[in-house]
Amino acid sequence: MEDELEPSLRPRTQIQGRILLLTICAAGIGGTFQFGYNLSIINAPTSHIQEFTNETWQARTGEPLPDHLILLMWSLIVSLYPLGGLFGALLAGPLAITLGRKKSLLVNNIFVVLAAILFGFSRKAGSFEMIMLGRLLVGVSAGVSMNIQPMYLGESAPKELRGAVAMSSAIFTALGIVMGQVVGLRELLGDPQAWPLLLASCLVPGVLQLASLPLVPESPRYLLIDCGDTEACLAALRRLRGSGNLARELEELEEERAACQGCRARRPWELFQHRALRRQVTSLVVLGSAMELCGNDLKAGVPEAKVQYATIGTGSCELLMAIVSCVAVERMGRRVLLIGGYSLMACWGSIFTVALCLQVAGVDEGWRVQARLTSTSPLPRPWQSLFPWTLYLAVACIFASILSFGIGPAGVTGILATELFDQMARPAACMVCGALMWIMLFLVSLGFPFIMEALSHFLYVPFLGVCVCGAIYTGLFLPETKGKTLQEISEELHRLNFPRRAQGPTWRSPEVIQSTEL
């Protein structure tokens with residue numbers, strides 16, 4: 001009988017798989033893809049926007065801007081993106097609670113549309129302030145989407161695929177970075193006259209999301225636990241899973257709703273005050289900080305003419321490893337990928353430091369050799385004549401470090417807030433995680449030049465310590481979540497936070513509740 005039913009069920013299963021895939025793509029194309037895309041496209045038109053800023057100022061005042069003020073204006077344009085991301089991260093939690101996960105992603109595209117209009121008409125209006133405001137708005141959009149997208153996908157996916165589906169956010173981030181690098185090539189939109197169109201091209205992913213996201217269902221967990229709508233939850237599950245046996249999953253959702261009964265959505269500062277969330281919050285802060293401070297942005301002296309193509313290579317490596325990590329996360333588990341990623345990064349960082357030391361030693365010795373040569377002797381570059389292989393070793397270490405970062409920390413860290421926190425604390429946890437990420441990104445961008453100036457060829461040593469600490473913390477304190485329901489994870493963390501208490505949450509009869517503040 002099963003053999004007779006199997007052919008008829010196969011098309012239905014394929015349809016449900018397509019709906020889940022459409023959900024992933026619709027959320028990703030206007031979510032973390034936008035973050036990576038807007039992060040990378042700003043690099044190509046750097047000199048063009050600086051020239052435009054100077055020309056605009058000169059047309060207004062009759063005097064050109066000094067070089068240091070041009071650099072200041074450009075720094076503001078770049079730094080307004082993470083500032084907007086911080087605002088967006090703080091906005092993500094209330095949006096996810098009041099509007100739901102899917103509607104929040106749709107409404108978030110308002111910021112993208114406004115930013116694209118500002119970018120597109122900035123040169124015609126002769127206003128570099130429009131570029132600044134546009135960068136702030138796309139930053140807000142990125143901050144909202146980077147927190148809500150993993151939450152939405154993690155709550156919509158079956159437990160067997162939850163890690164892989166949630167980690168697709170890292171794939172779309174890497175894909176956005178690569179696409180931004182490709183579109184920004186001189187042969188495409190990197191032309192001096194095309195930079196407004198390049199910046200405004202962020203509208204395309206936003207339009208694609210507005211067209212595709214309404215076709216997929218809302219998060220079943222949000223519908224049942226937050227809204228108390230059992231029928232809508234069941235309808236969403238049927239679209240995502242098919243008309244098979246949903247009784248077990250619905251029972252798990254009812255258990256989670258019963259555990260959350262009478263509770264309200266937690267505020268971000270309450271996460272730090274509640275003892276039952278101590279391990280979760282510590283893991284989120286430690287591993288979130290380690291991801292941003294692990295030194296995945298290194299420099300190896302690549303010639304300026306080749307930088308665009310080298311960055312495409314590094315971005316492609318990160319995209320490749322994000323795909324590999326998405327496949328491996330449900331086979332190897334979260335802990336293995338994090339420990340392996342940080343350990344490998346520490347290894348490559350050590351070799352990278354040795355390569356830099358040899359470069360400096362080669363330069364010093366080369367100048368001594370040069371001083372002994374006559375003025376008529378041919379004088380090659382000193383460090384290349386003594387240690388020509390150190391540059392290639394440093395570049396190889398950069399690629400290896402990016403591969404190691406992509407397979408572990410880049411993807412797994414992003415799903416911690418979804419898996420470690422229950423429905424009442426998850427939006428606040430995403431706010432904390434997002435705010436932490438943007439603050440760390442801002443501090444690294446601000447402090448890295450000073451670290452490079454102070455430590456010279458030992459610049460990677462502090463990041464080595466971060467990688468080692470990340471691997472040790474993961475091995476000692478982070479529980480494995482592979483193959484477990486969110487309710488099972490919550491119960492295990494409760495036992496870890498209260499080791500002397502054996503009892504779990506008691507069952508309460510399910511009622512229609514409003515668990516969040518509206």
# chains A, B, ... in the order shown; residues from 1 in each chain; ligands from 1
>>> select_by_dssp(residues="segment 44-187 of chain A", states="alpha helix (DSSP H)", output="count of residues only")
122
>>> residues_around(residues="Leu95 of chain A", least_positions_apart="3", cutoff="12 Å", atoms="only C-alpha atoms", output="list in words")
Gly88, Ala89, Leu90, Leu91, Ala92, Thr98, Leu99, Gly100, Arg101, Lys102, Lys103, Ser104, Leu105, Leu106, Val107, Asn108, Gly143, Val144, Ser145, Asn147, Ile148, Pro427, Ala428, Cys430, Met431, Thr516, Glu517 and Leu518 of chain A
>>> atom_distance(atom1="atom CA of Leu320 of chain A", atom2="atom CA of Tyr152 of chain A")
23.7 Å
>>> closest_residue(among="A:Phe35, A:Trp348, A:Phe111, A:Phe442", to="Leu175 of chain A", atoms="only C-alpha atoms")
A:Phe35
>>> atom_distance(atom1="atom CA of Ala235 of chain A", atom2="atom CA of Gln261 of chain A")
22.4 Å
>>> residues_around(residues="segment 284-296 of chain A", least_positions_apart="3", cutoff="7 Å", atoms="only C-alpha atoms", output="list in words")
Gln280, Val281, Ser401, Ile402, Phe405, Pro409, Ala410, Thr413, Leu416, Ala417, Cys433, Met437, Met440, Leu441, Tyr460, Phe463, Val466, Cys467 and Gly470 of chain A
>>> write_last_selection(atoms="C-alpha atoms", output="compact mmCIF listing (two decimals), in the first residue's frame")
# COMPACT_ATOMS: atom_id res chain seq x y z
CA GLN A 280 22.42 32.02 26.78
CA VAL A 281 23.25 35.72 27.16
CA SER A 401 41.48 32.27 7.17
CA ILE A 402 38.43 33.40 5.20
CA PHE A 405 35.77 31.88 9.09
CA PRO A 409 31.85 31.55 12.96
CA ALA A 410 30.29 33.43 10.01
CA THR A 413 26.98 32.58 15.29
CA LEU A 416 22.50 31.35 18.26
CA ALA A 417 19.81 33.91 19.12
CA CYS A 433 22.94 40.36 19.07
CA MET A 437 27.45 43.22 15.98
CA MET A 440 31.78 45.87 17.23
CA LEU A 441 31.86 46.51 13.48
CA TYR A 460 47.15 39.91 14.20
CA PHE A 463 42.93 38.62 17.05
CA VAL A 466 40.15 36.20 20.39
CA CYS A 467 40.12 33.08 18.17
CA GLY A 470 36.23 31.63 21.10
>>> closest_residue(among="A:Gln193, A:Thr311, A:Asn245, A:Ser219", to="Glu51 of chain A", atoms="only C-alpha atoms")
A:Gln193
>>> residues_around(residues="Arg426 of chain A", least_positions_apart="6", cutoff="9 Å", atoms="only C-alpha atoms", output="PyMOL selection string")
chain A and resi 93+151+265-266+417-420
>>> write_last_selection(atoms="N, CA and C atoms", output="PDB file, in the first residue's frame")
ATOM      1  N   GLY A  93      13.329  44.167  17.144  1.00  0.00           N
ATOM      2  CA  GLY A  93      12.542  43.459  18.142  1.00  0.00           C
ATOM      3  C   GLY A  93      11.098  43.931  18.213  1.00  0.00           C
ATOM      4  N   MET A 151      15.479  34.733  12.515  1.00  0.00           N
ATOM      5  CA  MET A 151      14.380  34.396  13.402  1.00  0.00           C
ATOM      6  C   MET A 151      13.218  33.780  12.620  1.00  0.00           C
ATOM      7  N   ALA A 265       6.665  39.354  26.400  1.00  0.00           N
ATOM      8  CA  ALA A 265       7.946  39.472  25.706  1.00  0.00           C
ATOM      9  C   ALA A 265       8.947  40.209  26.582  1.00  0.00           C
ATOM     10  N   ARG A 266      10.139  39.665  26.656  1.00  0.00           N
ATOM     11  CA  ARG A 266      11.167  40.270  27.495  1.00  0.00           C
ATOM     12  C   ARG A 266      11.796  41.473  26.787  1.00  0.00           C
ATOM     13  N   ALA A 417      20.947  33.220  18.508  1.00  0.00           N
ATOM     14  CA  ALA A 417      19.813  33.908  19.125  1.00  0.00           C
ATOM     15  C   ALA A 417      18.510  33.173  18.848  1.00  0.00           C
ATOM     16  N   THR A 418      18.409  32.519  17.695  1.00  0.00           N
ATOM     17  CA  THR A 418      17.195  31.786  17.353  1.00  0.00           C
ATOM     18  C   THR A 418      17.076  30.507  18.162  1.00  0.00           C
ATOM     19  N   GLU A 419      18.184  29.797  18.360  1.00  0.00           N
ATOM     20  CA  GLU A 419      18.113  28.477  18.974  1.00  0.00           C
ATOM     21  C   GLU A 419      18.248  28.498  20.495  1.00  0.00           C
ATOM     22  N   LEU A 420      18.980  29.435  21.057  1.00  0.00           N
ATOM     23  CA  LEU A 420      19.255  29.417  22.493  1.00  0.00           C
ATOM     24  C   LEU A 420      18.166  30.080  23.328  1.00  0.00           C
TER      25      LEU A 420
END
>>> residues_around(residues="Glu254 of chain A", least_positions_apart="3", cutoff="9 Å", atoms="only C-alpha atoms", output="list in words")
Leu224, Ile225, Glu249, Leu250, Glu251, Arg257, Ala258, Ala259 and Pro510 of chain A
>>> write_last_selection(atoms="all heavy atoms", output="short mmCIF file (atom, residue, chain, number, x, y, z; two decimals), in the first residue's frame")
data_model
loop_
_atom_site.label_atom_id
_atom_site.label_comp_id
_atom_site.auth_asym_id
_atom_site.auth_seq_id
_atom_site.Cartn_x
_atom_site.Cartn_y
_atom_site.Cartn_z
N LEU A 224 1.02 30.84 16.43
CA LEU A 224 0.42 30.10 17.54
C LEU A 224 0.76 30.72 18.89
O LEU A 224 -0.13 30.98 19.71
CB LEU A 224 0.90 28.65 17.50
CG LEU A 224 0.32 27.75 18.60
CD1 LEU A 224 -1.19 27.60 18.45
CD2 LEU A 224 1.00 26.39 18.61
N ILE A 225 2.04 30.95 19.15
CA ILE A 225 2.46 31.36 20.49
C ILE A 225 2.20 32.85 20.73
O ILE A 225 1.74 33.25 21.80
CB ILE A 225 3.95 31.02 20.70
CG1 ILE A 225 4.16 29.51 20.55
CG2 ILE A 225 4.43 31.49 22.07
CD1 ILE A 225 5.61 29.09 20.63
N GLU A 249 4.57 17.79 15.54
CA GLU A 249 5.10 19.15 15.56
C GLU A 249 4.13 20.11 16.21
O GLU A 249 4.55 21.01 16.96
CB GLU A 249 5.42 19.60 14.13
CG GLU A 249 6.12 20.94 14.06
CD GLU A 249 6.72 21.24 12.70
OE1 GLU A 249 6.56 20.41 11.79
OE2 GLU A 249 7.34 22.31 12.56
N LEU A 250 2.84 19.94 15.95
CA LEU A 250 1.85 20.81 16.58
C LEU A 250 1.84 20.60 18.09
O LEU A 250 1.67 21.56 18.86
CB LEU A 250 0.46 20.53 15.99
CG LEU A 250 -0.62 21.59 16.26
CD1 LEU A 250 -0.21 22.94 15.70
CD2 LEU A 250 -1.95 21.15 15.66
N GLU A 251 2.04 19.36 18.52
CA GLU A 251 2.10 19.07 19.95
C GLU A 251 3.30 19.77 20.59
O GLU A 251 3.20 20.32 21.70
CB GLU A 251 2.19 17.56 20.17
CG GLU A 251 2.25 17.15 21.63
CD GLU A 251 2.42 15.65 21.78
OE1 GLU A 251 2.26 14.93 20.79
OE2 GLU A 251 2.72 15.22 22.92
N ARG A 257 4.04 26.72 23.81
CA ARG A 257 3.10 27.78 24.16
C ARG A 257 2.68 27.67 25.63
O ARG A 257 2.55 28.67 26.33
CB ARG A 257 1.87 27.74 23.25
CG ARG A 257 0.89 28.85 23.56
CD ARG A 257 -0.21 28.93 22.56
NE ARG A 257 -1.22 27.89 22.74
CZ ARG A 257 -2.48 28.01 22.34
NH1 ARG A 257 -2.87 29.11 21.73
NH2 ARG A 257 -3.34 27.03 22.51
N ALA A 258 2.48 26.42 26.09
CA ALA A 258 2.10 26.23 27.50
C ALA A 258 3.22 26.70 28.43
O ALA A 258 2.95 27.28 29.49
CB ALA A 258 1.79 24.76 27.74
N ALA A 259 4.47 26.45 28.03
CA ALA A 259 5.60 26.89 28.86
C ALA A 259 5.69 28.40 28.91
O ALA A 259 6.20 28.97 29.88
CB ALA A 259 6.90 26.31 28.32
N PRO A 510 -3.49 24.43 27.26
CA PRO A 510 -3.27 25.50 26.28
C PRO A 510 -4.48 26.44 26.19
O PRO A 510 -5.61 26.00 26.13
CB PRO A 510 -3.06 24.73 24.97
CG PRO A 510 -3.71 23.42 25.19
CD PRO A 510 -3.58 23.11 26.64
#
>>> residues_around(residues="segment 40-42 of chain A", least_positions_apart="6", cutoff="9 Å", atoms="only C-alpha atoms", output="JSON list (two decimals) with N, CA and C atoms, in the first residue's frame")
[["chain", "number", "residue", "atom", "x", "y", "z"],
["A", 78, "VAL", "N", 30.68, 56.48, 5.07],
["A", 78, "VAL", "CA", 30.90, 55.06, 5.33],
["A", 78, "VAL", "C", 30.38, 54.67, 6.71],
["A", 176, "GLY", "N", 25.67, 38.56, -1.46],
["A", 176, "GLY", "CA", 25.52, 40.00, -1.63],
["A", 176, "GLY", "C", 26.86, 40.70, -1.72],
["A", 177, "ILE", "N", 27.84, 40.27, -0.92],
["A", 177, "ILE", "CA", 29.17, 40.87, -0.98],
["A", 177, "ILE", "C", 29.80, 40.64, -2.36],
["A", 178, "VAL", "N", 29.71, 39.40, -2.85],
["A", 178, "VAL", "CA", 30.30, 39.09, -4.16],
["A", 178, "VAL", "C", 29.60, 39.86, -5.27],
["A", 179, "MET", "N", 28.27, 39.91, -5.23],
["A", 179, "MET", "CA", 27.53, 40.63, -6.28],
["A", 179, "MET", "C", 27.86, 42.11, -6.25],
["A", 180, "GLY", "N", 27.99, 42.69, -5.05],
["A", 180, "GLY", "CA", 28.37, 44.09, -4.97],
["A", 180, "GLY", "C", 29.75, 44.34, -5.53],
["A", 181, "GLN", "N", 30.67, 43.42, -5.30],
["A", 181, "GLN", "CA", 32.03, 43.56, -5.85],
["A", 181, "GLN", "C", 32.03, 43.44, -7.36],
["A", 182, "VAL", "N", 31.22, 42.53, -7.90],
["A", 182, "VAL", "CA", 31.17, 42.33, -9.35],
["A", 182, "VAL", "C", 30.50, 43.53, -10.03],
["A", 183, "VAL", "N", 29.36, 43.97, -9.49],
["A", 183, "VAL", "CA", 28.65, 45.10, -10.10],
["A", 183, "VAL", "C", 29.49, 46.36, -10.03],
["A", 184, "GLY", "N", 30.34, 46.48, -9.01],
["A", 184, "GLY", "CA", 31.17, 47.67, -8.86],
["A", 184, "GLY", "C", 32.43, 47.67, -9.70],
["A", 198, "LEU", "N", 24.83, 52.83, -9.37],
["A", 198, "LEU", "CA", 25.39, 51.74, -8.58],
["A", 198, "LEU", "C", 24.82, 51.74, -7.17],
["A", 199, "LEU", "N", 24.80, 52.89, -6.52],
["A", 199, "LEU", "CA", 24.26, 52.96, -5.16],
["A", 199, "LEU", "C", 22.76, 52.70, -5.14]]
>>> residues_around(residues="Cys469 of chain A", least_positions_apart="4", cutoff="9 Å", atoms="only C-alpha atoms", output="list in words")
Val286, Ala290, Tyr342, Leu464, Gly465, Tyr473 and Thr474 of chain A
